[in-house]
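Data first, discussion second: the structure below is written as structure tokens.
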Amino acid sequence: MIVRIMGEGQVRLDDVHLAELNQLDDELLAEMESGDGEGFRRTLTALLDAVRRLGGPLPDDSLEPSDLILPSPDATLDEVRALLSDDGLIPG
């Protein structure tokens, strides 16, 4: 699976990590729904860190189609709300 982190680039990630990412996505969605700004920031950071840790970056000149697009690390709660569908950032 190819994951794009907005403003950073793309990462290739094995599908076996989807469950871990879905758990973080569920936490992020709950924090957004409750308006927990501190929790949102913490979980977004954890989600992006997990993608970076579990995956391998693609070269900057690579233009692979992205399976997932995640917000930049400095995205606000309102910006991420605009990106979300009912399923969260990571389709289950």
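Just remember, in the structure tokens the first chain shown is A, the second B, etc., residues are 1-based per chain, and ligands are 1-based in the order shown.
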Kindly provide the residues of range 3-67 of chain A that approach range 77-84 of chain A to within 8 Å, each paired with its closest atom pair and their distance in Å to one decimal, based on only C-alpha atoms, listed by chain and increasing number, as a tab-separated table.
```
residue	atom	partner	partner_atom	distance
A:Met32	CA	A:Leu77	CA	6.8
A:Gly37	CA	A:Leu77	CA	6.9
A:Phe40	CA	A:Leu77	CA	7.1
```
### Message
Please list as an NGL selection string every residue within 10 Å of range 57-61 of chain A, counting only C-alpha atoms and excluding residues in the same chain fewer than 4 positions away.
### Response
:A and (2-4 or 8-13 or 51-53)
Next, write the just-selected residues to a file, as an mmCIF file, in the first residue's frame, keeping N, CA, C and O atoms as the atom set.
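Result saved to result-v1.cif:
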```
data_model
loop_
_atom_site.group_PDB
_atom_site.id
_atom_site.type_symbol
_atom_site.label_atom_id
_atom_site.label_comp_id
_atom_site.auth_asym_id
_atom_site.auth_seq_id
_atom_site.Cartn_x
_atom_site.Cartn_y
_atom_site.Cartn_z
ATOM 1 N N ILE A 2 0.486 2.263 -0.720
ATOM 2 C CA ILE A 2 1.214 3.535 -0.790
ATOM 3 C C ILE A 2 0.438 4.578 0.016
ATOM 4 O O ILE A 2 -0.752 4.778 -0.206
ATOM 5 N N VAL A 3 1.133 5.210 0.960
ATOM 6 C CA VAL A 3 0.530 6.235 1.806
ATOM 7 C C VAL A 3 1.233 7.556 1.523
ATOM 8 O O VAL A 3 2.460 7.620 1.516
ATOM 9 N N ARG A 4 0.458 8.589 1.260
ATOM 10 C CA ARG A 4 1.013 9.934 1.094
ATOM 11 C C ARG A 4 0.745 10.730 2.355
ATOM 12 O O ARG A 4 -0.385 10.792 2.830
ATOM 13 N N GLU A 8 4.969 15.888 2.734
ATOM 14 C CA GLU A 8 6.178 15.106 3.004
ATOM 15 C C GLU A 8 6.555 14.166 1.879
ATOM 16 O O GLU A 8 7.721 13.994 1.596
ATOM 17 N N GLY A 9 5.609 13.483 1.310
ATOM 18 C CA GLY A 9 5.919 12.500 0.275
ATOM 19 C C GLY A 9 5.172 11.204 0.532
ATOM 20 O O GLY A 9 4.224 11.149 1.317
ATOM 21 N N GLN A 10 5.649 10.155 -0.148
ATOM 22 C CA GLN A 10 4.966 8.869 -0.100
ATOM 23 C C GLN A 10 5.804 7.825 0.628
ATOM 24 O O GLN A 10 7.032 7.865 0.614
ATOM 25 N N VAL A 11 5.078 6.869 1.225
ATOM 26 C CA VAL A 11 5.687 5.770 1.968
ATOM 27 C C VAL A 11 5.035 4.478 1.498
ATOM 28 O O VAL A 11 3.810 4.415 1.338
ATOM 29 N N ARG A 12 5.860 3.451 1.265
ATOM 30 C CA ARG A 12 5.316 2.119 0.942
ATOM 31 C C ARG A 12 5.181 1.359 2.258
ATOM 32 O O ARG A 12 6.112 1.287 3.043
ATOM 33 N N LEU A 13 3.990 0.784 2.475
ATOM 34 C CA LEU A 13 3.666 0.145 3.740
ATOM 35 C C LEU A 13 3.002 -1.192 3.464
ATOM 36 O O LEU A 13 2.110 -1.276 2.611
ATOM 37 N N VAL A 51 3.309 5.404 10.461
ATOM 38 C CA VAL A 51 3.480 5.233 9.012
ATOM 39 C C VAL A 51 4.953 5.345 8.650
ATOM 40 O O VAL A 51 5.491 4.524 7.899
ATOM 41 N N ARG A 52 5.625 6.329 9.206
ATOM 42 C CA ARG A 52 7.058 6.513 8.911
ATOM 43 C C ARG A 52 7.891 5.339 9.432
ATOM 44 O O ARG A 52 8.825 4.894 8.775
ATOM 45 N N ARG A 53 7.553 4.847 10.628
ATOM 46 C CA ARG A 53 8.315 3.766 11.267
ATOM 47 C C ARG A 53 8.098 2.433 10.561
ATOM 48 O O ARG A 53 9.035 1.648 10.378
#
```
### Query
What is the distance, in Å and to one decimal place, between CA of Ser34 in chain A and CA of Ala19 in chain A?
22.8 Å
### Message
DSSP on the backbone: which residues in chain A end up as helix (DSSP H, G or I)? Give the answer as a ChimeraX atom specification.
### Response
/A:15-34,37-54,77-83
Could you produce a table of the residues of range 20-42 of chain A lying within 12 Å of range 69-75 of chain A, with the nearest pair of atoms per residue and their separation in Å rounded to one decimal, using only C-alpha atoms, ordered by chain and increasing residue number, as CSV?
```
residue,atom,partner,partner_atom,distance
A:Leu21,CA,A:Leu70,CA,11.2
A:Asp25,CA,A:Leu70,CA,10.3
A:Leu28,CA,A:Leu70,CA,11.9
A:Gly37,CA,A:Ala75,CA,11.5
A:Phe40,CA,A:Ala75,CA,10.3
A:Arg41,CA,A:Pro73,CA,8.5
A:Arg42,CA,A:Pro73,CA,10.3
```
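Here CA of Ala30 in chain A and CA of Leu44 in chain A stand 11.9 Å from one another.
The residues of chain A that DSSP classifies as strand (DSSP E), using the backbone of this structure, are Ile2, Val3, Arg4, Ile5, Gly9, Gln10, Val11, Arg12, Gly56, Pro57, Leu68, Ile69 and Leu70 of chain A.
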Taking N, CA, C and O atoms for each residue, export the selection above as a PDB file, in the first residue's frame.
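Writing the result to result-v2.pdb gives the following:
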```
ATOM      1  N   ILE A   2       0.486   2.263  -0.720  1.00  0.00           N
ATOM      2  CA  ILE A   2       1.214   3.535  -0.790  1.00  0.00           C
ATOM      3  C   ILE A   2       0.438   4.578   0.016  1.00  0.00           C
ATOM      4  O   ILE A   2      -0.752   4.778  -0.206  1.00  0.00           O
ATOM      5  N   VAL A   3       1.133   5.210   0.960  1.00  0.00           N
ATOM      6  CA  VAL A   3       0.530   6.235   1.806  1.00  0.00           C
ATOM      7  C   VAL A   3       1.233   7.556   1.523  1.00  0.00           C
ATOM      8  O   VAL A   3       2.460   7.620   1.516  1.00  0.00           O
ATOM      9  N   ARG A   4       0.458   8.589   1.260  1.00  0.00           N
ATOM     10  CA  ARG A   4       1.013   9.934   1.094  1.00  0.00           C
ATOM     11  C   ARG A   4       0.745  10.730   2.355  1.00  0.00           C
ATOM     12  O   ARG A   4      -0.385  10.792   2.830  1.00  0.00           O
ATOM     13  N   ILE A   5       1.804  11.321   2.893  1.00  0.00           N
ATOM     14  CA  ILE A   5       1.662  12.287   3.973  1.00  0.00           C
ATOM     15  C   ILE A   5       1.775  13.656   3.320  1.00  0.00           C
ATOM     16  O   ILE A   5       2.806  13.971   2.716  1.00  0.00           O
ATOM     17  N   GLY A   9       5.609  13.483   1.310  1.00  0.00           N
ATOM     18  CA  GLY A   9       5.919  12.500   0.275  1.00  0.00           C
ATOM     19  C   GLY A   9       5.172  11.204   0.532  1.00  0.00           C
ATOM     20  O   GLY A   9       4.224  11.149   1.317  1.00  0.00           O
ATOM     21  N   GLN A  10       5.649  10.155  -0.148  1.00  0.00           N
ATOM     22  CA  GLN A  10       4.966   8.869  -0.100  1.00  0.00           C
ATOM     23  C   GLN A  10       5.804   7.825   0.628  1.00  0.00           C
ATOM     24  O   GLN A  10       7.032   7.865   0.614  1.00  0.00           O
ATOM     25  N   VAL A  11       5.078   6.869   1.225  1.00  0.00           N
ATOM     26  CA  VAL A  11       5.687   5.770   1.968  1.00  0.00           C
ATOM     27  C   VAL A  11       5.035   4.478   1.498  1.00  0.00           C
ATOM     28  O   VAL A  11       3.810   4.415   1.338  1.00  0.00           O
ATOM     29  N   ARG A  12       5.860   3.451   1.265  1.00  0.00           N
ATOM     30  CA  ARG A  12       5.316   2.119   0.942  1.00  0.00           C
ATOM     31  C   ARG A  12       5.181   1.359   2.258  1.00  0.00           C
ATOM     32  O   ARG A  12       6.112   1.287   3.043  1.00  0.00           O
ATOM     33  N   GLY A  56       8.541   2.399   4.255  1.00  0.00           N
ATOM     34  CA  GLY A  56       9.773   2.893   3.660  1.00  0.00           C
ATOM     35  C   GLY A  56       9.456   4.003   2.684  1.00  0.00           C
ATOM     36  O   GLY A  56       8.531   3.874   1.865  1.00  0.00           O
ATOM     37  N   PRO A  57      10.194   5.109   2.760  1.00  0.00           N
ATOM     38  CA  PRO A  57       9.897   6.241   1.865  1.00  0.00           C
ATOM     39  C   PRO A  57      10.185   5.905   0.401  1.00  0.00           C
ATOM     40  O   PRO A  57      11.143   5.200   0.096  1.00  0.00           O
ATOM     41  N   LEU A  68      -3.762   5.794   0.385  1.00  0.00           N
ATOM     42  CA  LEU A  68      -4.219   6.608   1.509  1.00  0.00           C
ATOM     43  C   LEU A  68      -3.514   7.949   1.460  1.00  0.00           C
ATOM     44  O   LEU A  68      -2.336   8.023   1.093  1.00  0.00           O
ATOM     45  N   ILE A  69      -4.217   8.986   1.833  1.00  0.00           N
ATOM     46  CA  ILE A  69      -3.616  10.321   1.944  1.00  0.00           C
ATOM     47  C   ILE A  69      -3.879  10.813   3.360  1.00  0.00           C
ATOM     48  O   ILE A  69      -5.031  10.895   3.790  1.00  0.00           O
ATOM     49  N   LEU A  70      -2.788  11.089   4.075  1.00  0.00           N
ATOM     50  CA  LEU A  70      -2.886  11.564   5.447  1.00  0.00           C
ATOM     51  C   LEU A  70      -2.511  13.033   5.515  1.00  0.00           C
ATOM     52  O   LEU A  70      -1.700  13.509   4.728  1.00  0.00           O
TER      53      LEU A  70
END
```
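Comparing the minimum interatomic distances between Leu18 in chain A and each of A:Gly35, A:Thr45, A:Gly55, A:Met6, counting only C-alpha atoms, we find that A:Gly55 sits nearest.
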### Message
One number please: CA of Glu64 in chain A to CA of Met1 in chain A, in Å, one decimal.
### Response
10.1 Å
